[in-house]
Amino acid sequence: MLHSVARRVSIIGLLALLALLLARAPLTGLSVALVALSLGLAVFIRPALGLLLLAFSVPFSTVGEITLAGAAVGPSEALLALTLAAWLAQRLAAGRLVLPRPWRRLDPRAASTGEAAVAPLLLPLLLYCAALAFSLLPATSLADAAPELFKWLETLILYLVAVDLLTPIGHRAVEEAIEIAPNSFGGPVAPNSFGVLLIAALLLAGVLQAAVGLYQFITQSGPPAFQILGRFLRAYGTFRQPNPYAGYLGLILPLALSLFWWALAQMVAAWPGRFTPSPRAESPRRSFAAASALATAALVVTALIAAGALASWSRGAWLGIGAGVVTVTALRSRRTFGLSLALAGALTVLLLARGGFDTGALGGRLAQVGDYLGGFDVTTVEVNDDNFAVVERVAHWVAAQRMIAQAPWQGVGVGNYAAVYPQVALPRWQDPLGHAHNIYLNTWAEAGLPGLLTYVLLWLLAAWQAVRLAYDRQTDALGRAVALGVLGAIVHLSIHNLFDNLLVQRLYLHMALLLALLASPPAAPRDQGPADTATRQRSV
């Protein structure tokens, strides 16, 4: 009764606000307000829609960004707050405000009551946040520390909310809270369909970002300092810099590739005449056409994102993407594992025959990666246009090592790398650049050894969760493809972070959504004909 009255009062209040806007707001402002109001209402009706909007907003979060209390605030923060508020309101309305658990209860009756979703990475996220909070004690600048700690609290919150909304338990709570009838809003929405929509939103955002970067690459639209090869420009998208742009695409490409392999398996399985369709199946010709269209779309998405990453001219991203692609392909089946080994061997022989990487523009760019391994004195080396980026990064690695030597256990304080940098800076390298361009050294320097260990533990357990899910007999082929795609993204993140810090510009929110998919991966529909056979196959 009270819930019904509150809902009516809210609707009347919103209508009154709308009437006020119609009467006084200019047309442009009114249009923006109406769109924002519509999206807000949609998220309050179905909080999972907030996850889709967040997935889309992350790469464009610098648009409309403002500085508030020294921290950057943009559309992603607003959407996260709105989604959290809608989730809390509907959980309270359902009378079931129960947070996801880190593991399943041993009580057999718990499975039937379904009292809480399971968030397998909750504990490692809490441990890492605790290590960051502990490092506040030696921090010299709390103004620099607060945004970094808040960033990880955002990640934790989004992970918990996404896990709850993507699992059947959380979905049922939402349905009960808003009393959805079977035919309202186009019929009841299965919880796994939100997982599929979330993946679609992630891929669409990646394609749009890749398109922006390719346009910049071809038309040389951007800062002159990004020009390369005399007629192109390093793609940077809406990230302001090429490396985070390439890092973002590298966090999507493994998922797109993994879904392409899955769609290709569906197409092969739906080949007319290969399998006997079930009584409820579509016609073989129609199933094959649908599977072919899906595989083609996945291939186009993968190719566009790969082209965007290539146009970034980011060596760290290329290495990370290569490792992620190999992971996704090699672990898909024994056949693809053998194929990956054969291709790696053939590539090695080809490189040796051509004299290594140092041939052509791309090869020369990759060959410079070896310079990061050292072999020069960063304080005396002659700096030029060719080696500037390498020497600059190594100089910041040395600075981070000096911070570690000063405070190996507790660190200098989360987010305080730039504040302490002048005390350890090398001559000629006075700009702190915000971080050490190696997340492992940066984490150790700022949060001490507990911070480094808990950070590594978090991603090791995330990778293990992805592998466990991929090889679980109860996981169908689509869920397995998603798990391997997320694993590829984790591998890319781990490799690229040797040369940078990708957990910036809201990419931590992107990773939170990917990790949430491991708690409840989407599943393909059952009994849909020949193409459904592909969802049970383990190889192409």
# chains A, B, ... in the order shown; residues from 1 in each chain; ligands from 1
$ closest_atom_pairs --of "segment 445-539 of chain A" --to "segment 154-162 of chain A" --cutoff "10 Å" --atoms "only C-alpha atoms" --output "CSV"
residue,atom,partner,partner_atom,distance
A:Arg506,CA,A:Thr155,CA,9.2
A:Leu507,CA,A:Thr155,CA,9.7
A:Tyr508,CA,A:Thr155,CA,6.2
A:Leu509,CA,A:Thr155,CA,5.6
A:His510,CA,A:Thr155,CA,8.9
A:Met511,CA,A:Thr155,CA,8.2
A:Ala512,CA,A:Tyr159,CA,5.1
A:Leu513,CA,A:Tyr159,CA,6.4
A:Leu514,CA,A:Tyr159,CA,8.9
A:Leu515,CA,A:Tyr159,CA,7.2
A:Ala516,CA,A:Tyr159,CA,5.7
A:Leu517,CA,A:Ala162,CA,8.3
A:Ala519,CA,A:Ala162,CA,9.3
A:Ser520,CA,A:Ala162,CA,9.7
$ atom_distance --atom1 "atom CA of Asp144 of chain A" --atom2 "atom CA of Tyr455 of chain A"
19.6 Å
$ residues_around --residues "segment 395-398 of chain A" --least-positions-apart "6" --cutoff "8 Å" --atoms "only C-alpha atoms" --output "PyMOL selection string"
chain A and resi 378+425-426+429+432+436-438+441
$ select_by_dssp --residues "segment 81-265 of chain A" --states "helix (DSSP H, G or I)" --output "VMD selection string"
chain A and resid 81 to 94 108 to 113 122 to 134 142 to 166 168 to 178 184 to 186 191 to 219 224 to 226 242 to 250 253 to 265
$ write_last_selection --atoms "C-alpha atoms" --output "CSV table (one decimal), in the first residue's frame"
chain,number,residue,atom,x,y,z
A,81,ALA,CA,25.0,6.9,-8.8
A,82,LEU,CA,21.7,6.6,-10.6
A,83,THR,CA,22.0,2.8,-11.0
A,84,LEU,CA,23.0,2.3,-7.4
A,85,ALA,CA,20.0,4.4,-6.2
A,86,ALA,CA,17.6,2.5,-8.4
A,87,TRP,CA,19.0,-0.8,-7.3
A,88,LEU,CA,18.8,0.2,-3.6
A,89,ALA,CA,15.3,1.5,-4.0
A,90,GLN,CA,14.0,-1.6,-5.6
A,91,ARG,CA,15.8,-4.0,-3.3
A,92,LEU,CA,14.3,-2.1,-0.3
A,93,ALA,CA,10.8,-2.2,-1.9
A,94,ALA,CA,11.2,-5.9,-2.3
A,108,PRO,CA,21.7,-27.3,1.0
A,109,ARG,CA,18.6,-25.3,1.8
A,110,ALA,CA,20.3,-22.1,0.7
A,111,ALA,CA,20.1,-23.1,-2.9
A,112,SER,CA,16.4,-23.3,-2.7
A,113,THR,CA,15.9,-20.0,-0.9
A,122,LEU,CA,34.3,-9.8,-3.6
A,123,LEU,CA,36.9,-10.8,-1.0
A,124,PRO,CA,40.0,-10.0,-3.2
A,125,LEU,CA,38.4,-6.6,-4.1
A,126,LEU,CA,37.8,-5.9,-0.4
A,127,LEU,CA,41.4,-6.9,0.5
A,128,TYR,CA,42.8,-4.6,-2.1
A,129,CYS,CA,40.6,-1.7,-1.0
A,130,ALA,CA,41.8,-2.4,2.6
A,131,ALA,CA,45.4,-2.3,1.6
A,132,LEU,CA,44.9,1.0,-0.2
A,133,ALA,CA,43.1,2.4,2.9
A,134,PHE,CA,46.0,1.3,5.1
A,142,LEU,CA,45.1,13.2,1.1
A,143,ALA,CA,43.7,15.3,-1.8
A,144,ASP,CA,45.6,13.0,-4.2
A,145,ALA,CA,44.9,9.9,-2.2
A,146,ALA,CA,41.1,10.3,-1.9
A,147,PRO,CA,40.2,10.1,-5.7
A,148,GLU,CA,42.4,6.9,-6.1
A,149,LEU,CA,40.8,5.2,-3.2
A,150,PHE,CA,37.3,6.3,-4.2
A,151,LYS,CA,38.0,4.9,-7.7
A,152,TRP,CA,38.4,1.4,-6.3
A,153,LEU,CA,35.4,1.8,-4.1
A,154,GLU,CA,33.4,2.6,-7.2
A,155,THR,CA,34.8,-0.5,-8.8
A,156,LEU,CA,33.7,-2.6,-5.8
A,157,ILE,CA,30.2,-1.1,-5.7
A,158,LEU,CA,29.6,-1.5,-9.5
A,159,TYR,CA,30.9,-5.1,-9.3
A,160,LEU,CA,28.4,-6.0,-6.5
A,161,VAL,CA,25.5,-4.3,-8.1
A,162,ALA,CA,26.2,-5.8,-11.6
A,163,VAL,CA,26.6,-9.3,-10.1
A,164,ASP,CA,23.3,-8.9,-8.3
A,165,LEU,CA,21.4,-7.6,-11.4
A,166,LEU,CA,22.8,-10.1,-13.8
A,168,PRO,CA,18.5,-14.8,-11.5
A,169,ILE,CA,18.2,-14.0,-7.8
A,170,GLY,CA,18.7,-10.3,-8.2
A,171,HIS,CA,16.5,-10.2,-11.3
A,172,ARG,CA,13.6,-11.8,-9.4
A,173,ALA,CA,14.0,-9.2,-6.7
A,174,VAL,CA,13.6,-6.4,-9.2
A,175,GLU,CA,10.6,-8.1,-10.8
A,176,GLU,CA,8.9,-8.4,-7.4
A,177,ALA,CA,9.7,-4.8,-6.5
A,178,ILE,CA,8.1,-3.2,-9.5
A,184,SER,CA,4.3,-5.3,-19.5
A,185,PHE,CA,7.4,-3.7,-21.1
A,186,GLY,CA,7.2,-6.3,-23.9
A,191,PRO,CA,18.2,-12.4,-16.5
A,192,ASN,CA,20.7,-13.8,-19.0
A,193,SER,CA,19.3,-11.5,-21.7
A,194,PHE,CA,20.7,-8.5,-19.8
A,195,GLY,CA,24.1,-10.2,-20.0
A,196,VAL,CA,23.8,-10.5,-23.8
A,197,LEU,CA,22.7,-6.9,-24.0
A,198,LEU,CA,25.6,-5.8,-21.8
A,199,ILE,CA,28.0,-7.6,-24.1
A,200,ALA,CA,26.4,-5.9,-27.1
A,201,ALA,CA,26.7,-2.5,-25.4
A,202,LEU,CA,30.4,-3.1,-24.7
A,203,LEU,CA,31.1,-4.2,-28.3
A,204,LEU,CA,29.1,-1.3,-29.8
A,205,ALA,CA,31.0,1.3,-27.7
A,206,GLY,CA,34.2,-0.3,-28.8
A,207,VAL,CA,33.3,-0.1,-32.5
A,208,LEU,CA,32.3,3.5,-32.2
A,209,GLN,CA,35.5,4.3,-30.4
A,210,ALA,CA,37.5,2.5,-33.0
A,211,ALA,CA,35.8,4.4,-35.8
A,212,VAL,CA,36.6,7.7,-34.1
A,213,GLY,CA,40.3,6.6,-33.9
A,214,LEU,CA,40.5,5.5,-37.5
A,215,TYR,CA,39.0,8.8,-38.6
A,216,GLN,CA,41.7,10.6,-36.6
A,217,PHE,CA,44.4,8.3,-38.0
A,218,ILE,CA,43.4,8.8,-41.7
A,219,THR,CA,42.5,12.5,-41.6
A,224,PRO,CA,50.7,17.6,-34.4
A,225,ALA,CA,52.8,15.7,-31.8
A,226,PHE,CA,50.8,12.6,-32.6
A,242,PRO,CA,46.8,7.0,-27.7
A,243,ASN,CA,47.8,4.5,-24.9
A,244,PRO,CA,44.6,4.5,-22.8
A,245,TYR,CA,42.6,4.5,-26.1
A,246,ALA,CA,44.5,1.4,-27.3
A,247,GLY,CA,44.3,-0.1,-23.8
A,248,TYR,CA,40.5,0.2,-23.9
A,249,LEU,CA,40.2,-1.4,-27.3
A,250,GLY,CA,42.5,-4.2,-26.1
A,253,LEU,CA,39.1,-7.2,-28.6
A,254,PRO,CA,39.6,-10.6,-26.9
A,255,LEU,CA,35.8,-10.7,-26.1
A,256,ALA,CA,34.9,-9.9,-29.7
A,257,LEU,CA,37.3,-12.5,-31.0
A,258,SER,CA,36.1,-15.1,-28.6
A,259,LEU,CA,32.5,-14.5,-29.7
A,260,PHE,CA,33.5,-14.7,-33.3
A,261,TRP,CA,34.9,-18.2,-32.7
A,262,TRP,CA,31.7,-19.1,-31.0
A,263,ALA,CA,29.6,-17.7,-33.9
A,264,LEU,CA,31.7,-19.5,-36.4
A,265,ALA,CA,31.1,-22.8,-34.5
$ residues_around --residues "segment 459-470 of chain A" --least-positions-apart "3" --cutoff "9 Å" --atoms "only C-alpha atoms" --output "PyMOL selection string"
chain A and resi 120-121+124+332+454-456+473-477+479-488+490-491+494+515+518-519+521
$ write_last_selection --atoms "N, CA, C and O atoms" --output "compact mmCIF listing (two decimals), in the first residue's frame"
# COMPACT_ATOMS: atom_id res chain seq x y z
N PRO A 120 32.23 -14.05 -6.62
CA PRO A 120 33.46 -14.76 -6.24
C PRO A 120 34.67 -13.86 -6.05
O PRO A 120 35.64 -14.28 -5.41
N LEU A 121 34.65 -12.64 -6.59
CA LEU A 121 35.81 -11.76 -6.45
C LEU A 121 35.58 -10.67 -5.40
O LEU A 121 36.34 -9.70 -5.33
N PRO A 124 38.77 -10.63 -2.69
CA PRO A 124 40.01 -9.99 -3.16
C PRO A 124 39.85 -8.49 -3.43
O PRO A 124 40.78 -7.72 -3.19
N ARG A 332 40.66 -22.30 -26.53
CA ARG A 332 39.31 -22.65 -26.96
C ARG A 332 39.13 -24.15 -27.10
O ARG A 332 38.10 -24.71 -26.74
N THR A 454 48.01 -7.86 -2.84
CA THR A 454 46.56 -7.97 -2.98
C THR A 454 46.11 -7.62 -4.40
O THR A 454 45.13 -8.18 -4.90
N TYR A 455 46.83 -6.70 -5.06
CA TYR A 455 46.50 -6.38 -6.45
C TYR A 455 46.75 -7.59 -7.35
O TYR A 455 45.90 -7.96 -8.18
N VAL A 456 47.91 -8.21 -7.21
CA VAL A 456 48.24 -9.39 -8.01
C VAL A 456 47.27 -10.53 -7.69
O VAL A 456 46.80 -11.24 -8.60
N ARG A 473 31.64 -28.06 -16.90
CA ARG A 473 30.76 -28.82 -17.78
C ARG A 473 29.35 -28.22 -17.85
O ARG A 473 28.61 -28.49 -18.81
N GLN A 474 28.97 -27.45 -16.86
CA GLN A 474 27.63 -26.85 -16.87
C GLN A 474 27.58 -25.55 -17.68
O GLN A 474 26.51 -25.00 -17.89
N THR A 475 28.73 -25.05 -18.12
CA THR A 475 28.78 -23.83 -18.93
C THR A 475 28.60 -24.18 -20.40
O THR A 475 29.32 -25.03 -20.93
N ASP A 476 27.64 -23.55 -21.06
CA ASP A 476 27.45 -23.83 -22.47
C ASP A 476 28.47 -23.07 -23.30
O ASP A 476 29.32 -22.34 -22.77
N ALA A 477 28.43 -23.23 -24.61
CA ALA A 477 29.47 -22.67 -25.47
C ALA A 477 29.49 -21.15 -25.46
O ALA A 477 30.56 -20.54 -25.54
N GLY A 479 28.54 -19.14 -22.91
CA GLY A 479 29.15 -18.76 -21.62
C GLY A 479 30.64 -19.01 -21.62
O GLY A 479 31.41 -18.23 -21.05
N ARG A 480 31.06 -20.09 -22.27
CA ARG A 480 32.49 -20.40 -22.35
C ARG A 480 33.22 -19.36 -23.18
O ARG A 480 34.33 -18.93 -22.84
N ALA A 481 32.61 -18.93 -24.27
CA ALA A 481 33.22 -17.89 -25.10
C ALA A 481 33.36 -16.59 -24.33
O ALA A 481 34.38 -15.90 -24.43
N VAL A 482 32.35 -16.23 -23.54
CA VAL A 482 32.42 -15.01 -22.73
C VAL A 482 33.53 -15.13 -21.69
O VAL A 482 34.32 -14.19 -21.49
N ALA A 483 33.62 -16.29 -21.02
CA ALA A 483 34.65 -16.48 -20.01
C ALA A 483 36.05 -16.36 -20.61
O ALA A 483 36.93 -15.71 -20.04
N LEU A 484 36.27 -16.98 -21.77
CA LEU A 484 37.57 -16.89 -22.42
C LEU A 484 37.85 -15.46 -22.90
O LEU A 484 39.00 -14.99 -22.85
N GLY A 485 36.82 -14.75 -23.35
CA GLY A 485 37.00 -13.36 -23.76
C GLY A 485 37.42 -12.48 -22.59
O GLY A 485 38.30 -11.63 -22.72
N VAL A 486 36.78 -12.69 -21.43
CA VAL A 486 37.16 -11.92 -20.24
C VAL A 486 38.57 -12.30 -19.81
O VAL A 486 39.36 -11.44 -19.39
N LEU A 487 38.92 -13.59 -19.90
CA LEU A 487 40.28 -14.01 -19.58
C LEU A 487 41.28 -13.32 -20.49
O LEU A 487 42.34 -12.85 -20.04
N GLY A 488 40.98 -13.23 -21.78
CA GLY A 488 41.87 -12.52 -22.71
C GLY A 488 42.03 -11.06 -22.34
O GLY A 488 43.12 -10.49 -22.46
N ILE A 490 41.82 -9.84 -19.29
CA ILE A 490 42.67 -9.81 -18.09
C ILE A 490 44.14 -9.98 -18.48
O ILE A 490 45.03 -9.31 -17.94
N VAL A 491 44.40 -10.88 -19.43
CA VAL A 491 45.78 -11.08 -19.90
C VAL A 491 46.30 -9.80 -20.54
O VAL A 491 47.44 -9.37 -20.29
N SER A 494 47.11 -7.25 -17.89
CA SER A 494 48.31 -7.58 -17.12
C SER A 494 49.58 -7.29 -17.91
O SER A 494 50.57 -6.81 -17.34
N LEU A 515 34.20 -8.38 -15.10
CA LEU A 515 34.32 -9.35 -14.00
C LEU A 515 32.94 -9.83 -13.54
O LEU A 515 32.79 -10.99 -13.13
N LEU A 518 31.56 -12.88 -15.21
CA LEU A 518 32.07 -14.19 -14.77
C LEU A 518 31.19 -14.79 -13.67
O LEU A 518 31.24 -16.00 -13.45
N ALA A 519 30.41 -13.96 -12.99
CA ALA A 519 29.55 -14.47 -11.93
C ALA A 519 28.28 -15.09 -12.50
O ALA A 519 27.73 -16.03 -11.93
N PRO A 521 27.43 -15.74 -16.48
CA PRO A 521 27.59 -15.54 -17.93
C PRO A 521 26.29 -15.80 -18.66
O PRO A 521 25.46 -16.60 -18.22
$ closest_residue --among "A:Ala270, A:Phe239, A:Leu502, A:Arg315" --to "Ala290 of chain A" --atoms "only C-alpha atoms"
A:Ala270
$ residues_around --residues "Arg234 of chain A" --least-positions-apart "2" --cutoff "7 Å" --atoms "only C-alpha atoms" --output "PyMOL selection string"
chain A and resi 217+226-228+232+236+242+311-313
$ closest_residue --among "A:Ala323, A:Met267, A:Val420, A:Leu310" --to "Thr296 of chain A" --atoms "only C-alpha atoms"
A:Met267
$ select_by_dssp --residues "segment 215-260 of chain A" --states "strand (DSSP E)" --output "list in words"
Gln227, Ile228, Phe232 and Leu233 of chain A
$ atom_distance --atom1 "atom CA of Leu294 of chain A" --atom2 "atom CA of Leu319 of chain A"
28.3 Å
$ residues_around --residues "Pro75 of chain A" --least-positions-apart "4" --cutoff "8 Å" --atoms "only C-alpha atoms" --output "PyMOL selection string"
chain A and resi 57+61+63-65+79
$ atom_distance --atom1 "atom CA of Thr302 of chain A" --atom2 "atom CA of Ser221 of chain A"
23.8 Å
$ decode --residues "segment 248-260 of chain A" --atoms "all heavy atoms" --output "mmCIF file, in the first residue's frame"
data_model
loop_
_atom_site.group_PDB
_atom_site.id
_atom_site.type_symbol
_atom_site.label_atom_id
_atom_site.label_comp_id
_atom_site.auth_asym_id
_atom_site.auth_seq_id
_atom_site.Cartn_x
_atom_site.Cartn_y
_atom_site.Cartn_z
ATOM 1 N N TYR A 248 41.927 0.510 -23.933
ATOM 2 C CA TYR A 248 40.484 0.247 -23.895
ATOM 3 C C TYR A 248 40.083 -0.736 -24.990
ATOM 4 O O TYR A 248 39.346 -1.702 -24.728
ATOM 5 C CB TYR A 248 39.723 1.560 -24.048
ATOM 6 C CG TYR A 248 38.255 1.380 -24.345
ATOM 7 C CD1 TYR A 248 37.381 0.933 -23.359
ATOM 8 C CD2 TYR A 248 37.747 1.626 -25.619
ATOM 9 C CE1 TYR A 248 36.036 0.755 -23.640
ATOM 10 C CE2 TYR A 248 36.415 1.458 -25.898
ATOM 11 C CZ TYR A 248 35.552 1.011 -24.905
ATOM 12 O OH TYR A 248 34.226 0.820 -25.179
ATOM 13 N N LEU A 249 40.560 -0.505 -26.212
ATOM 14 C CA LEU A 249 40.214 -1.422 -27.302
ATOM 15 C C LEU A 249 40.771 -2.817 -27.027
ATOM 16 O O LEU A 249 40.138 -3.821 -27.370
ATOM 17 C CB LEU A 249 40.754 -0.884 -28.625
ATOM 18 C CG LEU A 249 40.139 0.433 -29.125
ATOM 19 C CD1 LEU A 249 40.737 0.815 -30.468
ATOM 20 C CD2 LEU A 249 38.620 0.314 -29.233
ATOM 21 N N GLY A 250 41.945 -2.876 -26.397
ATOM 22 C CA GLY A 250 42.515 -4.174 -26.059
ATOM 23 C C GLY A 250 41.729 -4.924 -25.002
ATOM 24 O O GLY A 250 41.824 -6.151 -24.898
ATOM 25 N N LEU A 251 40.931 -4.220 -24.220
ATOM 26 C CA LEU A 251 40.082 -4.865 -23.217
ATOM 27 C C LEU A 251 38.777 -5.374 -23.818
ATOM 28 O O LEU A 251 38.017 -6.076 -23.144
ATOM 29 C CB LEU A 251 39.771 -3.884 -22.082
ATOM 30 C CG LEU A 251 40.974 -3.423 -21.251
ATOM 31 C CD1 LEU A 251 40.558 -2.378 -20.242
ATOM 32 C CD2 LEU A 251 41.643 -4.605 -20.557
ATOM 33 N N ILE A 252 38.499 -5.014 -25.077
ATOM 34 C CA ILE A 252 37.282 -5.472 -25.755
ATOM 35 C C ILE A 252 37.596 -6.492 -26.840
ATOM 36 O O ILE A 252 36.825 -7.434 -27.068
ATOM 37 C CB ILE A 252 36.535 -4.272 -26.369
ATOM 38 C CG1 ILE A 252 36.098 -3.303 -25.289
ATOM 39 C CG2 ILE A 252 35.311 -4.732 -27.146
ATOM 40 C CD1 ILE A 252 35.381 -2.087 -25.809
ATOM 41 N N LEU A 253 38.731 -6.320 -27.505
ATOM 42 C CA LEU A 253 39.062 -7.179 -28.641
ATOM 43 C C LEU A 253 39.052 -8.669 -28.304
ATOM 44 O O LEU A 253 38.495 -9.469 -29.080
ATOM 45 C CB LEU A 253 40.421 -6.767 -29.215
ATOM 46 C CG LEU A 253 40.888 -7.543 -30.453
ATOM 47 C CD1 LEU A 253 39.884 -7.409 -31.601
ATOM 48 C CD2 LEU A 253 42.264 -7.055 -30.896
ATOM 49 N N PRO A 254 39.620 -9.134 -27.185
ATOM 50 C CA PRO A 254 39.564 -10.577 -26.892
ATOM 51 C C PRO A 254 38.135 -11.099 -26.776
ATOM 52 O O PRO A 254 37.844 -12.217 -27.217
ATOM 53 C CB PRO A 254 40.319 -10.695 -25.561
ATOM 54 C CG PRO A 254 41.230 -9.515 -25.537
ATOM 55 C CD PRO A 254 40.457 -8.417 -26.196
ATOM 56 N N LEU A 255 37.241 -10.306 -26.200
ATOM 57 C CA LEU A 255 35.840 -10.726 -26.085
ATOM 58 C C LEU A 255 35.200 -10.818 -27.462
ATOM 59 O O LEU A 255 34.479 -11.778 -27.765
ATOM 60 C CB LEU A 255 35.082 -9.735 -25.208
ATOM 61 C CG LEU A 255 33.591 -10.013 -24.996
ATOM 62 C CD1 LEU A 255 33.376 -11.369 -24.331
ATOM 63 C CD2 LEU A 255 32.954 -8.901 -24.152
ATOM 64 N N ALA A 256 35.465 -9.824 -28.323
ATOM 65 C CA ALA A 256 34.910 -9.851 -29.683
ATOM 66 C C ALA A 256 35.433 -11.058 -30.455
ATOM 67 O O ALA A 256 34.672 -11.742 -31.153
ATOM 68 C CB ALA A 256 35.268 -8.557 -30.413
ATOM 69 N N LEU A 257 36.724 -11.339 -30.333
ATOM 70 C CA LEU A 257 37.307 -12.482 -31.038
ATOM 71 C C LEU A 257 36.739 -13.794 -30.525
ATOM 72 O O LEU A 257 36.418 -14.699 -31.315
ATOM 73 C CB LEU A 257 38.830 -12.465 -30.874
ATOM 74 C CG LEU A 257 39.579 -13.632 -31.522
ATOM 75 C CD1 LEU A 257 39.395 -13.623 -33.032
ATOM 76 C CD2 LEU A 257 41.056 -13.598 -31.145
ATOM 77 N N SER A 258 36.607 -13.913 -29.220
ATOM 78 C CA SER A 258 36.062 -15.143 -28.645
ATOM 79 C C SER A 258 34.630 -15.385 -29.112
ATOM 80 O O SER A 258 34.237 -16.516 -29.413
ATOM 81 C CB SER A 258 36.122 -15.066 -27.115
ATOM 82 O OG SER A 258 35.755 -16.298 -26.529
ATOM 83 N N LEU A 259 33.848 -14.318 -29.199
ATOM 84 C CA LEU A 259 32.473 -14.453 -29.688
ATOM 85 C C LEU A 259 32.446 -14.781 -31.181
ATOM 86 O O LEU A 259 31.525 -15.468 -31.649
ATOM 87 C CB LEU A 259 31.691 -13.166 -29.410
ATOM 88 C CG LEU A 259 31.396 -12.895 -27.931
ATOM 89 C CD1 LEU A 259 30.781 -11.522 -27.746
ATOM 90 C CD2 LEU A 259 30.471 -13.969 -27.361
ATOM 91 N N PHE A 260 33.451 -14.303 -31.919
ATOM 92 C CA PHE A 260 33.532 -14.690 -33.331
ATOM 93 C C PHE A 260 33.775 -16.190 -33.465
ATOM 94 O O PHE A 260 33.135 -16.856 -34.292
ATOM 95 C CB PHE A 260 34.648 -13.920 -34.030
ATOM 96 C CG PHE A 260 35.021 -14.515 -35.370
ATOM 97 C CD1 PHE A 260 34.145 -14.435 -36.447
ATOM 98 C CD2 PHE A 260 36.229 -15.186 -35.533
ATOM 99 C CE1 PHE A 260 34.474 -15.014 -37.672
ATOM 100 C CE2 PHE A 260 36.564 -15.757 -36.745
ATOM 101 C CZ PHE A 260 35.689 -15.677 -37.825
#
